[in-house]
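Trainee: This is work-v7.cif, which holds mmCIF, C-alpha atoms (C1' of nucleotides):
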```
data_structure
loop_
_atom_site.label_atom_id
_atom_site.label_comp_id
_atom_site.auth_asym_id
_atom_site.auth_seq_id
_atom_site.Cartn_x
_atom_site.Cartn_y
_atom_site.Cartn_z
CA MET A 566 0.00 0.00 0.00
CA LYS A 567 2.83 2.39 0.72
CA TYR A 568 5.04 3.90 -1.90
CA ASP A 569 8.72 3.04 -2.29
CA ARG A 570 10.51 6.01 -0.78
CA GLN A 571 13.76 5.42 -2.61
CA ASP A 572 12.00 5.11 -5.92
CA VAL A 573 10.05 8.30 -5.28
CA ILE A 574 13.21 10.21 -4.44
CA GLU A 575 14.90 9.05 -7.63
CA LYS A 576 12.00 10.08 -9.82
CA ALA A 577 11.74 13.45 -8.09
CA THR A 578 15.47 13.96 -8.43
CA HIS A 579 15.26 13.39 -12.16
CA LEU A 580 12.60 16.05 -12.50
CA PHE A 581 14.21 18.59 -10.17
CA TRP A 582 17.58 18.09 -11.80
CA GLU A 583 16.18 18.68 -15.25
CA LYS A 584 13.92 21.64 -14.62
CA GLY A 585 15.34 23.21 -11.47
CA PHE A 586 13.57 23.97 -8.23
CA HIS A 587 11.30 26.81 -9.32
CA ALA A 588 10.21 25.42 -12.65
CA THR A 589 9.22 22.11 -11.10
CA SER A 590 5.71 22.37 -9.72
CA MET A 591 4.03 20.13 -7.19
CA ARG A 592 1.63 19.19 -9.97
CA ASN A 593 4.54 17.94 -12.08
CA LEU A 594 5.77 15.92 -9.14
CA GLN A 595 2.35 14.48 -8.42
CA ASP A 596 2.14 13.21 -11.99
CA VAL A 597 5.65 11.76 -12.14
CA LEU A 598 5.57 10.24 -8.65
CA ASP A 599 1.98 9.08 -9.02
CA MET A 600 1.29 10.44 -5.58
CA ARG A 601 -1.33 12.80 -4.25
CA PRO A 602 -0.41 16.00 -2.38
CA GLY A 603 -1.28 14.59 1.02
CA SER A 604 1.13 11.69 0.67
CA ILE A 605 3.97 13.88 -0.50
CA TYR A 606 3.49 16.31 2.36
CA ALA A 607 3.16 13.47 4.87
CA GLY A 608 6.43 11.98 3.66
CA PHE A 609 8.55 15.05 3.05
CA GLY A 610 6.89 18.02 4.76
CA SER A 611 7.11 20.45 1.87
CA LYS A 612 8.46 20.99 -1.61
CA GLU A 613 11.69 22.19 0.00
CA GLY A 614 11.85 19.07 2.14
CA LEU A 615 11.46 16.81 -0.86
CA PHE A 616 14.10 18.76 -2.73
CA ILE A 617 16.59 18.46 0.11
CA ALA A 618 15.94 14.72 0.32
CA CYS A 619 16.69 14.52 -3.41
CA LEU A 620 19.88 16.56 -3.07
CA GLN A 621 21.15 14.35 -0.30
CA ASP A 622 20.39 11.16 -2.17
CA TYR A 623 22.04 12.56 -5.28
CA SER A 624 25.15 13.53 -3.35
CA GLN A 625 25.34 10.25 -1.49
CA LYS A 626 25.26 8.28 -4.73
CA ASN A 627 27.91 10.48 -6.31
CA MET A 628 30.17 10.23 -3.30
CA ALA A 629 29.74 6.46 -3.18
CA GLY A 630 31.07 6.40 -6.74
CA VAL A 631 33.95 8.67 -5.82
CA TYR A 632 34.99 6.54 -2.86
CA ALA A 633 34.70 3.39 -4.95
CA MET A 634 36.95 4.83 -7.64
CA ALA A 635 39.43 6.03 -5.01
CA LYS A 636 39.61 2.55 -3.55
CA ALA A 637 39.94 0.81 -6.89
CA ALA A 638 42.62 3.10 -8.34
CA PRO A 639 46.28 2.04 -8.25
CA SER A 640 47.33 5.35 -6.67
CA PRO A 641 45.82 8.58 -5.30
CA LEU A 642 46.66 10.64 -8.36
CA GLU A 643 45.27 7.98 -10.67
CA ALA A 644 42.14 8.04 -8.53
CA VAL A 645 41.79 11.77 -9.09
CA LYS A 646 42.20 11.31 -12.84
CA THR A 647 39.64 8.53 -12.91
CA ILE A 648 37.17 10.62 -10.95
CA LEU A 649 37.55 13.58 -13.29
CA ARG A 650 37.27 11.43 -16.39
CA SER A 651 34.07 9.90 -15.05
CA ASN A 652 32.54 13.34 -15.02
CA LYS A 653 31.62 13.55 -18.67
CA GLY A 654 27.85 13.73 -18.59
CA SER A 655 25.96 10.63 -19.55
CA ALA A 656 23.17 10.71 -22.09
CA SER A 657 20.67 9.65 -19.45
CA ALA A 658 21.47 12.56 -17.16
CA PRO A 659 18.70 15.16 -17.15
CA SER A 660 21.20 18.02 -17.30
CA GLY A 661 24.83 18.60 -18.15
CA VAL A 662 25.31 20.48 -14.91
CA CYS A 663 25.74 18.76 -11.56
CA MET A 664 22.50 19.09 -9.62
CA ILE A 665 24.25 20.59 -6.61
CA VAL A 666 25.96 23.26 -8.70
CA LYS A 667 22.75 23.99 -10.55
CA THR A 668 20.96 24.47 -7.25
CA ILE A 669 23.60 26.83 -5.91
CA ILE A 670 23.34 28.91 -9.05
CA GLU A 671 19.56 28.98 -9.21
CA LEU A 672 18.56 29.69 -5.62
CA THR A 673 19.04 32.77 -3.48
CA GLU A 674 19.01 33.33 0.26
CA LYS A 675 15.24 33.14 0.17
CA HIS A 676 15.68 29.37 0.26
CA ALA A 677 18.56 29.38 2.72
CA GLU A 678 17.95 25.89 4.01
CA ILE A 679 18.36 24.32 0.59
CA LEU A 680 21.25 26.58 -0.30
CA ASP A 681 23.21 25.79 2.84
CA GLU A 682 22.73 22.07 2.35
CA ALA A 683 23.86 22.31 -1.28
CA LYS A 684 27.01 24.19 -0.28
CA ARG A 685 27.72 21.66 2.43
CA LEU A 686 27.37 18.76 -0.01
CA MET A 687 29.66 20.47 -2.49
CA ASN A 688 32.32 20.75 0.18
CA VAL A 689 32.03 17.04 0.89
CA PHE A 690 33.23 16.41 -2.65
CA PHE A 691 35.88 19.10 -2.41
CA ASP A 692 37.26 17.61 0.80
CA ALA A 693 37.47 14.17 -0.76
CA LEU A 694 39.37 15.60 -3.71
CA THR A 695 41.72 17.52 -1.44
CA ASP A 696 42.36 14.42 0.60
CA LEU A 697 43.35 12.40 -2.44
CA LEU A 698 45.71 15.13 -3.62
CA LYS A 699 47.32 15.29 -0.18
CA GLN A 700 47.96 11.57 -0.39
CA ALA A 701 49.37 12.02 -3.87
CA LYS A 702 51.76 14.63 -2.56
CA ASP A 703 52.84 12.43 0.35
CA GLN A 704 53.60 9.63 -2.06
CA GLY A 705 55.55 11.88 -4.37
CA GLU A 706 53.08 11.65 -7.24
CA LEU A 707 52.52 15.36 -6.93
CA LYS A 708 55.42 17.80 -6.90
CA ALA A 709 56.34 19.01 -3.42
CA SER A 710 55.93 22.59 -4.59
CA LYS A 711 52.21 22.14 -5.25
CA ASP A 712 49.49 22.91 -2.76
CA PRO A 713 46.89 20.09 -2.71
CA LYS A 714 44.09 22.38 -1.60
CA ARG A 715 44.81 24.84 -4.34
CA ILE A 716 44.92 22.15 -6.98
CA ALA A 717 41.69 20.66 -5.68
CA ARG A 718 40.15 24.10 -6.03
CA PHE A 719 41.45 24.43 -9.55
CA LEU A 720 40.02 21.07 -10.54
CA GLN A 721 36.70 21.76 -8.90
CA VAL A 722 36.38 25.08 -10.68
CA TYR A 723 37.16 23.38 -13.94
CA LEU A 724 34.67 20.59 -13.31
CA MET A 725 31.90 23.07 -12.62
CA GLY A 726 32.80 24.92 -15.79
CA MET A 727 32.66 21.73 -17.82
CA GLY A 728 29.09 21.14 -16.76
CA SER A 729 28.09 24.63 -17.86
CA TYR A 730 29.92 24.17 -21.13
CA ALA A 731 28.19 20.87 -21.77
CA GLN A 732 24.85 22.48 -21.05
CA ALA A 733 25.58 25.30 -23.47
CA ASN A 734 26.74 23.04 -26.27
CA GLY A 735 24.14 20.32 -26.05
CA GLY A 736 26.33 17.34 -26.64
CA CYS A 737 29.45 16.39 -24.77
CA SER A 738 31.50 15.54 -27.84
CA THR A 739 34.61 17.39 -26.75
CA SER A 740 34.55 16.45 -23.09
CA GLU A 741 37.47 14.02 -23.34
CA GLU A 742 39.70 16.76 -24.71
CA LEU A 743 38.48 19.16 -22.05
CA ILE A 744 39.34 16.75 -19.27
CA GLU A 745 42.79 16.02 -20.64
CA ASP A 746 43.54 19.73 -20.88
CA ALA A 747 42.87 20.05 -17.16
CA LEU A 748 44.79 16.92 -16.22
CA ALA A 749 47.78 18.24 -18.17
CA CYS A 750 47.95 21.05 -15.62
CA LEU A 751 48.66 18.60 -12.83
CA ASP A 752 52.27 18.00 -13.88
CA MET B 773 6.05 61.26 -20.04
CA LYS B 774 7.71 58.16 -21.35
CA TYR B 775 9.99 55.98 -19.32
CA ASP B 776 13.71 55.74 -20.02
CA ARG B 777 14.05 52.44 -21.85
CA GLN B 778 17.72 52.01 -21.07
CA ASP B 779 17.16 52.68 -17.40
CA VAL B 780 14.29 50.20 -17.31
CA ILE B 781 16.40 47.50 -18.94
CA GLU B 782 19.21 48.01 -16.47
CA LYS B 783 16.91 47.74 -13.47
CA ALA B 784 15.22 44.66 -14.91
CA THR B 785 18.60 43.12 -15.67
CA HIS B 786 19.67 43.56 -12.07
CA LEU B 787 16.58 41.73 -10.84
CA PHE B 788 16.67 38.95 -13.44
CA TRP B 789 20.38 38.41 -12.91
CA GLU B 790 19.94 38.10 -9.17
CA LYS B 791 16.86 35.92 -8.98
CA GLY B 792 16.79 34.14 -12.31
CA PHE B 793 14.00 34.05 -14.87
CA HIS B 794 11.46 31.92 -13.05
CA ALA B 795 11.84 33.40 -9.58
CA THR B 796 11.39 36.92 -10.93
CA SER B 797 7.70 37.72 -11.18
CA MET B 798 6.05 40.43 -13.19
CA ARG B 799 4.93 41.89 -9.87
CA ASN B 800 8.56 42.17 -8.76
CA LEU B 801 9.39 43.89 -12.03
CA GLN B 802 6.43 46.26 -11.78
CA ASP B 803 7.64 47.38 -8.36
CA VAL B 804 11.29 47.79 -9.31
CA LEU B 805 10.62 49.41 -12.68
CA ASP B 806 7.76 51.53 -11.32
CA MET B 807 5.74 50.57 -14.37
CA ARG B 808 2.29 49.09 -14.77
CA PRO B 809 1.73 45.83 -16.68
CA GLY B 810 0.33 47.57 -19.75
CA SER B 811 3.45 49.67 -20.22
CA ILE B 812 5.79 46.74 -19.84
CA TYR B 813 3.82 44.68 -22.34
CA ALA B 814 3.58 47.60 -24.75
CA GLY B 815 7.33 48.05 -24.64
CA PHE B 816 8.60 44.49 -24.53
CA GLY B 817 5.76 42.18 -25.54
CA SER B 818 6.12 39.66 -22.75
CA LYS B 819 8.22 38.61 -19.81
CA GLU B 820 10.36 36.63 -22.23
CA GLY B 821 10.76 39.67 -24.46
CA LEU B 822 11.90 41.82 -21.58
CA PHE B 823 14.34 39.13 -20.49
CA ILE B 824 15.85 38.86 -23.95
CA ALA B 825 16.25 42.63 -24.13
CA CYS B 826 18.09 42.46 -20.81
CA LEU B 827 20.33 39.63 -21.98
CA GLN B 828 21.27 41.52 -25.10
CA ASP B 829 22.04 44.70 -23.23
CA TYR B 830 24.07 42.75 -20.69
CA SER B 831 26.07 41.04 -23.41
CA GLN B 832 26.61 44.21 -25.38
CA LYS B 833 28.05 45.98 -22.34
CA ASN B 834 30.33 43.07 -21.55
CA MET B 835 31.57 42.83 -25.10
CA ALA B 836 32.20 46.56 -25.23
CA GLY B 837 34.48 46.08 -22.25
CA VAL B 838 36.19 43.13 -23.91
CA TYR B 839 36.86 45.02 -27.12
CA ALA B 840 38.12 48.03 -25.17
CA MET B 841 40.57 45.89 -23.22
CA ALA B 842 41.69 44.17 -26.41
CA LYS B 843 42.41 47.53 -28.02
CA ALA B 844 44.20 48.95 -24.99
CA ALA B 845 46.42 45.93 -24.33
CA PRO B 846 50.04 45.92 -25.58
CA SER B 847 49.60 42.52 -27.23
CA PRO B 848 46.92 39.90 -27.96
CA LEU B 849 48.00 37.56 -25.18
CA GLU B 850 48.17 40.40 -22.70
CA ALA B 851 44.66 41.32 -23.80
CA VAL B 852 43.46 37.81 -22.97
CA LYS B 853 45.09 37.98 -19.56
CA THR B 854 43.55 41.36 -18.84
CA ILE B 855 40.13 40.13 -19.88
CA LEU B 856 40.34 37.09 -17.64
CA ARG B 857 41.60 39.08 -14.70
CA SER B 858 38.72 41.52 -15.08
CA ASN B 859 36.33 38.66 -14.50
CA LYS B 860 36.50 38.58 -10.73
CA GLY B 861 32.99 39.46 -9.66
CA SER B 862 32.41 42.93 -8.32
CA ALA B 863 30.58 43.50 -5.07
CA SER B 864 27.82 45.33 -6.89
CA ALA B 865 27.06 42.41 -9.18
CA PRO B 866 23.80 40.70 -8.27
CA SER B 867 25.33 37.25 -8.73
CA GLY B 868 28.73 35.64 -8.99
CA VAL B 869 27.68 33.83 -12.15
CA CYS B 870 27.58 35.51 -15.55
CA MET B 871 23.95 36.18 -16.40
CA ILE B 872 24.24 34.38 -19.72
CA VAL B 873 25.67 31.25 -18.15
CA LYS B 874 23.09 31.37 -15.38
CA THR B 875 20.34 31.55 -17.97
CA ILE B 876 21.69 28.60 -19.93
CA ILE B 877 21.80 26.54 -16.77
CA GLU B 878 18.38 27.53 -15.50
CA LEU B 879 16.23 27.28 -18.59
CA THR B 880 15.16 24.28 -20.65
CA GLU B 881 13.86 23.92 -24.18
CA LYS B 882 10.50 25.16 -22.98
CA HIS B 883 11.94 28.66 -23.37
CA ALA B 884 13.83 27.94 -26.57
CA GLU B 885 13.87 31.53 -27.76
CA ILE B 886 15.71 32.76 -24.68
CA LEU B 887 17.96 29.74 -24.60
CA ASP B 888 19.05 30.10 -28.22
CA GLU B 889 19.81 33.77 -27.77
CA ALA B 890 21.83 33.07 -24.62
CA LYS B 891 23.88 30.44 -26.45
CA ARG B 892 24.43 32.78 -29.35
CA LEU B 893 25.65 35.54 -27.04
CA MET B 894 27.98 33.14 -25.30
CA ASN B 895 29.54 32.27 -28.61
CA VAL B 896 30.11 35.94 -29.35
CA PHE B 897 32.44 36.06 -26.37
CA PHE B 898 34.03 32.74 -27.28
CA ASP B 899 34.74 33.93 -30.81
CA ALA B 900 36.36 37.10 -29.55
CA LEU B 901 38.58 35.06 -27.24
CA THR B 902 39.50 32.67 -30.03
CA ASP B 903 40.36 35.55 -32.29
CA LEU B 904 42.73 37.08 -29.77
CA LEU B 905 44.45 33.74 -29.24
CA LYS B 906 44.87 33.29 -32.98
CA GLN B 907 46.56 36.67 -33.15
CA ALA B 908 48.76 35.69 -30.22
CA LYS B 909 49.82 32.57 -32.07
CA ASP B 910 50.55 34.49 -35.26
CA GLN B 911 52.75 36.88 -33.31
CA GLY B 912 54.58 34.05 -31.59
CA GLU B 913 53.24 34.85 -28.12
CA LEU B 914 51.59 31.45 -28.10
CA LYS B 915 53.54 28.31 -28.89
CA ALA B 916 53.01 27.04 -32.43
CA SER B 917 52.00 23.67 -31.03
CA LYS B 918 48.92 25.13 -29.31
CA ASP B 919 45.48 25.26 -30.83
CA PRO B 920 43.88 28.69 -30.24
CA LYS B 921 40.38 27.33 -30.36
CA ARG B 922 41.14 24.63 -27.86
CA ILE B 923 42.78 27.07 -25.49
CA ALA B 924 39.88 29.45 -25.81
CA ARG B 925 37.60 26.59 -24.89
CA PHE B 926 39.74 25.75 -21.91
CA LEU B 927 39.67 29.32 -20.68
CA GLN B 928 35.97 29.67 -21.22
CA VAL B 929 35.26 26.49 -19.28
CA TYR B 930 37.42 27.77 -16.48
CA LEU B 931 35.74 31.16 -16.46
CA MET B 932 32.31 29.61 -16.21
CA GLY B 933 33.54 27.45 -13.36
CA MET B 934 34.91 30.45 -11.51
CA GLY B 935 31.49 32.05 -11.48
CA SER B 936 29.93 28.95 -9.99
CA TYR B 937 32.72 28.73 -7.44
CA ALA B 938 32.25 32.35 -6.44
CA GLN B 939 28.53 31.78 -6.07
CA ALA B 940 29.12 28.76 -3.85
CA ASN B 941 31.65 30.48 -1.63
CA GLY B 942 29.97 33.82 -1.20
CA GLY B 943 33.02 36.03 -1.39
CA CYS B 944 35.55 36.17 -4.15
CA SER B 945 38.57 36.27 -1.86
CA THR B 946 40.54 33.68 -3.79
CA SER B 947 39.69 34.78 -7.29
CA GLU B 948 43.09 36.26 -8.04
CA GLU B 949 44.76 32.95 -7.26
CA LEU B 950 42.20 31.10 -9.33
CA ILE B 951 42.84 33.28 -12.35
CA GLU B 952 46.60 32.96 -12.09
CA ASP B 953 46.31 29.18 -11.93
CA ALA B 954 44.52 29.22 -15.26
CA LEU B 955 46.86 31.72 -16.85
CA ALA B 956 49.79 29.55 -15.84
CA CYS B 957 48.41 26.91 -18.19
CA LEU B 958 48.94 29.19 -21.17
CA ASP B 959 52.71 28.72 -21.28
"C1'" DG C 1456 -14.88 -10.05 13.35
"C1'" DG C 1457 -15.10 -5.75 15.24
"C1'" DT C 1458 -12.23 -1.73 16.46
"C1'" DC C 1459 -8.71 1.27 15.93
"C1'" DG C 1460 -4.70 3.59 14.02
"C1'" DA C 1461 -2.21 4.89 10.03
"C1'" DC C 1462 -1.90 6.16 5.58
"C1'" DA C 1463 -3.66 7.53 0.90
"C1'" DT C 1464 -6.93 10.42 -1.41
"C1'" DG C 1465 -8.36 14.49 -4.09
"C1'" DA C 1466 -11.32 18.45 -3.66
"C1'" DA C 1467 -10.59 22.89 -2.25
"C1'" DC C 1468 -8.01 26.93 -0.22
"C1'" DG C 1469 -6.05 31.64 -0.66
"C1'" DA C 1470 -2.24 33.52 -3.02
"C1'" DT C 1471 0.11 34.61 -6.89
"C1'" DC C 1472 1.25 33.72 -11.68
"C1'" DG C 1473 1.63 36.05 -16.67
"C1'" DT C 1474 -1.34 38.62 -19.36
"C1'" DT C 1475 -5.23 41.56 -21.31
"C1'" DC C 1476 -7.98 45.63 -22.14
"C1'" DA C 1477 -11.31 49.33 -21.57
"C1'" DA C 1478 -10.69 53.64 -19.53
"C1'" DT C 1479 -7.75 57.61 -18.63
"C1'" DG C 1480 -4.37 60.97 -19.31
"C1'" DT C 1481 -1.05 63.83 -22.03
"C1'" DA C 1482 1.23 65.90 -25.91
"C1'" DT C 1483 1.03 67.52 -30.58
"C1'" DG C 1484 -0.93 69.56 -34.99
"C1'" DT C 1485 -4.37 72.73 -36.75
"C1'" DA D 971 -9.53 75.47 -28.22
"C1'" DC D 972 -10.37 71.29 -30.24
"C1'" DA D 973 -9.39 66.76 -32.39
"C1'" DT D 974 -6.30 63.16 -32.94
"C1'" DA D 975 -2.90 59.75 -31.70
"C1'" DC D 976 -0.77 57.13 -28.47
"C1'" DA D 977 1.33 55.92 -23.97
"C1'" DT D 978 -0.10 54.84 -19.28
"C1'" DT D 979 -3.04 53.03 -16.01
"C1'" DG D 980 -4.90 49.47 -12.83
"C1'" DA D 981 -8.67 46.41 -12.31
"C1'" DA D 982 -9.60 41.98 -13.68
"C1'" DC D 983 -8.87 37.47 -16.18
"C1'" DG D 984 -8.21 32.38 -16.10
"C1'" DA D 985 -4.58 29.43 -14.83
"C1'" DT D 986 -1.61 27.61 -11.74
"C1'" DC D 987 1.07 27.95 -7.51
"C1'" DG D 988 2.20 25.41 -2.74
"C1'" DT D 989 -0.45 23.65 0.80
"C1'" DT D 990 -4.27 21.81 3.89
"C1'" DC D 991 -7.70 18.72 5.61
"C1'" DA D 992 -12.01 16.16 5.85
"C1'" DT D 993 -12.92 11.82 4.03
"C1'" DG D 994 -12.04 7.13 2.37
"C1'" DT D 995 -9.55 2.78 2.69
"C1'" DC D 996 -6.86 -0.79 4.32
"C1'" DG D 997 -4.30 -3.87 7.60
"C1'" DA D 998 -3.23 -5.40 12.28
"C1'" DC D 999 -4.44 -6.61 16.81
"C1'" DC D 1000 -7.52 -8.26 20.69
#
```
Before anything else, please render the file you have as structure tokens.

Mentor:
Amino acid sequence: MKYDRQDVIEKATHLFWEKGFHATSMRNLQDVLDMRPGSIYAGFGSKEGLFIACLQDYSQKNMAGVYAMAKAAPSPLEAVKTILRSNKGSASAPSGVCMIVKTIIELTEKHAEILDEAKRLMNVFFDALTDLLKQAKDQGELKASKDPKRIARFLQVYLMGMGSYAQANGGCSTSEELIEDALACLD
Amino acid sequence: MKYDRQDVIEKATHLFWEKGFHATSMRNLQDVLDMRPGSIYAGFGSKEGLFIACLQDYSQKNMAGVYAMAKAAPSPLEAVKTILRSNKGSASAPSGVCMIVKTIIELTEKHAEILDEAKRLMNVFFDALTDLLKQAKDQGELKASKDPKRIARFLQVYLMGMGSYAQANGGCSTSEELIEDALACLD
DNA sequence: GGTCGACATGAACGATCGTTCAATGTATGT
DNA sequence: ACATACATTGAACGATCGTTCATGTCGACC
């Protein structure tokens, strides 16, 4: 009789990610989730609540992938490269831009709760990246003169830009070249 | 008796740039512009029409700055560097993200007219950047092995990312470092 | 098998959305 | 002064927004 919460969150995420917070109406969600308003509000409290649940699920899945790649890679620096290369948008993704980044760009302080959570989740990724680069430096993969945090910042900036670029140019035909250009800066 | 069209566009741009297309209501615009619906619709046709007029004015101002810097710089490559350095967001800007990029990220094909114009305007900047880099290569400022178009793409990606990063981190305290990291990749 | 608690339902709420238009006001030409 | 042309006004439109709640429905327990 009850809905599958995980399934609901995934469907809602797809819609929110594609259209953004404001352009996604509760009516849209009702249709896609096949749920009536009362059920949605009982389960998530509000549109904001549902959105935050989606953001967290989205981030958790992404980070699970990141940690898995970090563990599977032969070295920290190779892990970083693998993670970046995995970031070319798939055809099934509803948008070229990371949902967290898109949220940070779309929303203002009027929706502070969502915004703060999005920023927090972005830093989770940033910290993971920084950590890997620190390890790479310790192991001599990264020159001693480089600052891991600064490089992590550079890569994160570039990653965010790639999403925007993909969004602007429809396809992602040149994304391999784009990634390699950034990785070349690591030496 | 008539309103100042340029002034109206600038005020509307400020609001649209800050809040985005969807979160900006005609009511908000009426208040800020001190105009009644009839006047706005007589002058711009629709909310979309007003938005496009704002986008075009925004782009035209930006490009005027770009061309001015290109003319004033001692060489093409120095022009590129100056242009990039000028891109750290000012405190008066309503958002850390370029309005054109923000629009491309926010809107979907439902607003194809706006989206196409935003993409077109983005390419205007890209073409100007490519042109400068071609000149730099011709004059030997850029290594012969480098592809101007590819470098322009790299820089554009990075610029878009910087806007997102600034938006996520409130201030722009580290933007000088960020820029220099990208410029270092030009050698 | 009767009772109760928990959840799903969907009609309805007031607010606000983008937009229209008849009425009003103002400037200009004669 | 008067007529004409046109920009401005602001009330009002139907649609849709996010949200609420009285009602319906089902399963579990004594």

Trainee: Output the contact residues of chain A with respect to chain B at a cut-off of 10 Å, based on only C-alpha atoms, as a ChimeraX atom specification.

Mentor: /A:583-588,660-662,665-675,680-681,683-685,687-688,715-716,718-734,739,742-744,746-747,749-751

Trainee: Selection from above, C-alpha atoms, as a compact mmCIF listing (two decimals), in the coordinates of the input, can you write it?

Mentor:
```
# COMPACT_ATOMS: atom_id res chain seq x y z
CA GLU A 583 16.18 18.68 -15.25
CA LYS A 584 13.92 21.64 -14.62
CA GLY A 585 15.34 23.21 -11.47
CA PHE A 586 13.57 23.97 -8.23
CA HIS A 587 11.30 26.81 -9.32
CA ALA A 588 10.21 25.42 -12.65
CA SER A 660 21.20 18.02 -17.30
CA GLY A 661 24.83 18.60 -18.15
CA VAL A 662 25.31 20.48 -14.91
CA ILE A 665 24.25 20.59 -6.61
CA VAL A 666 25.96 23.26 -8.70
CA LYS A 667 22.75 23.99 -10.55
CA THR A 668 20.96 24.47 -7.25
CA ILE A 669 23.60 26.83 -5.91
CA ILE A 670 23.34 28.91 -9.05
CA GLU A 671 19.56 28.98 -9.21
CA LEU A 672 18.56 29.69 -5.62
CA THR A 673 19.04 32.77 -3.48
CA GLU A 674 19.01 33.33 0.26
CA LYS A 675 15.24 33.14 0.17
CA LEU A 680 21.25 26.58 -0.30
CA ASP A 681 23.21 25.79 2.84
CA ALA A 683 23.86 22.31 -1.28
CA LYS A 684 27.01 24.19 -0.28
CA ARG A 685 27.72 21.66 2.43
CA MET A 687 29.66 20.47 -2.49
CA ASN A 688 32.32 20.75 0.18
CA ARG A 715 44.81 24.84 -4.34
CA ILE A 716 44.92 22.15 -6.98
CA ARG A 718 40.15 24.10 -6.03
CA PHE A 719 41.45 24.43 -9.55
CA LEU A 720 40.02 21.07 -10.54
CA GLN A 721 36.70 21.76 -8.90
CA VAL A 722 36.38 25.08 -10.68
CA TYR A 723 37.16 23.38 -13.94
CA LEU A 724 34.67 20.59 -13.31
CA MET A 725 31.90 23.07 -12.62
CA GLY A 726 32.80 24.92 -15.79
CA MET A 727 32.66 21.73 -17.82
CA GLY A 728 29.09 21.14 -16.76
CA SER A 729 28.09 24.63 -17.86
CA TYR A 730 29.92 24.17 -21.13
CA ALA A 731 28.19 20.87 -21.77
CA GLN A 732 24.85 22.48 -21.05
CA ALA A 733 25.58 25.30 -23.47
CA ASN A 734 26.74 23.04 -26.27
CA THR A 739 34.61 17.39 -26.75
CA GLU A 742 39.70 16.76 -24.71
CA LEU A 743 38.48 19.16 -22.05
CA ILE A 744 39.34 16.75 -19.27
CA ASP A 746 43.54 19.73 -20.88
CA ALA A 747 42.87 20.05 -17.16
CA ALA A 749 47.78 18.24 -18.17
CA CYS A 750 47.95 21.05 -15.62
CA LEU A 751 48.66 18.60 -12.83
```

Trainee: Taking the file as shown, what set of residues would the PyMOL selection byres ((chain D and resi 987-996) around 8) give back, as a PyMOL selection string?

Mentor: (chain A and resi 590-591+612) or (chain C and resi 1463-1464+1468+1470-1472) or (chain D and resi 986+997)

Trainee: Could you build a table of the residues in chain C lying no more than 10 Å from chain B, giving for each the nearest pair of atoms and their separation in Å rounded to one decimal place, using only C-alpha atoms (C1' of nucleotides), ordered by chain and ascending residue number, as a tab-separated table?

Mentor:
```
residue	atom	partner	partner_atom	distance
C:DT1471	C1'	B:Arg799	CA	9.2
C:DC1472	C1'	B:Ser797	CA	7.6
C:DG1473	C1'	B:Met798	CA	7.1
C:DT1474	C1'	B:Ser818	CA	8.3
C:DT1475	C1'	B:Gly810	CA	8.3
C:DC1476	C1'	B:Gly810	CA	8.9
C:DT1481	C1'	B:Met773	CA	7.8
C:DA1482	C1'	B:Met773	CA	8.9
```

Trainee: Provide as a PyMOL selection string the residues of chain B at most 12 Å from chain D, counting all atoms listed in the file.

Mentor: chain B and resi 773-775+802+806-815

Trainee: Output the selection as a PDB file, in the coordinates of the input - C-alpha atoms for each residue.

Mentor:
```pdb
ATOM      1  CA  MET B 773       6.050  61.260 -20.040  1.00  0.00           C
ATOM      2  CA  LYS B 774       7.710  58.160 -21.350  1.00  0.00           C
ATOM      3  CA  TYR B 775       9.990  55.980 -19.320  1.00  0.00           C
ATOM      4  CA  GLN B 802       6.430  46.260 -11.780  1.00  0.00           C
ATOM      5  CA  ASP B 806       7.760  51.530 -11.320  1.00  0.00           C
ATOM      6  CA  MET B 807       5.740  50.570 -14.370  1.00  0.00           C
ATOM      7  CA  ARG B 808       2.290  49.090 -14.770  1.00  0.00           C
ATOM      8  CA  PRO B 809       1.730  45.830 -16.680  1.00  0.00           C
ATOM      9  CA  GLY B 810       0.330  47.570 -19.750  1.00  0.00           C
ATOM     10  CA  SER B 811       3.450  49.670 -20.220  1.00  0.00           C
ATOM     11  CA  ILE B 812       5.790  46.740 -19.840  1.00  0.00           C
ATOM     12  CA  TYR B 813       3.820  44.680 -22.340  1.00  0.00           C
ATOM     13  CA  ALA B 814       3.580  47.600 -24.750  1.00  0.00           C
ATOM     14  CA  GLY B 815       7.330  48.050 -24.640  1.00  0.00           C
TER      15      GLY B 815
END
```

Trainee: Got a sec: who's within 8 Å of Val852 of chain B, counting all atoms listed in the file, leaving out chain neighbours fewer than 4 positions off, as a list in words?

Mentor: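 The residues that qualify are Ala842, Pro848, Leu856, Leu901, Leu904 and Leu905 of chain B.
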
Trainee: So how far away is atom CA of Asp692 of chain A from atom CA of Ala717 of chain A, in Å?

Mentor: 8.4 Å

Trainee: Quick one: which residues end up in the PyMOL selection byres ((chain A and resi 711) around 10) for this structure, as a list in words?

Mentor: Leu698, Lys699, Lys702, Leu707, Lys708, Ala709, Ser710, Asp712, Pro713, Lys714, Arg715, Ile716, Leu751 and Asp752 of chain A

Trainee: Apply the PyMOL selection byres ((chain A and resi 632) around 12) to the file shown and report the selected residues as a PyMOL selection string.

Mentor: chain A and resi 625-631+633-638+641+644-645+647-648+689-690+692-694+696-697

Trainee: Rounded to one decimal, what separation in Å do you get between atom CA of Thr578 of chain A and atom CA of Ile679 of chain A?

Mentor: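 Result for atom CA of Thr578 of chain A versus atom CA of Ile679 of chain A: 14.0 Å, one decimal.
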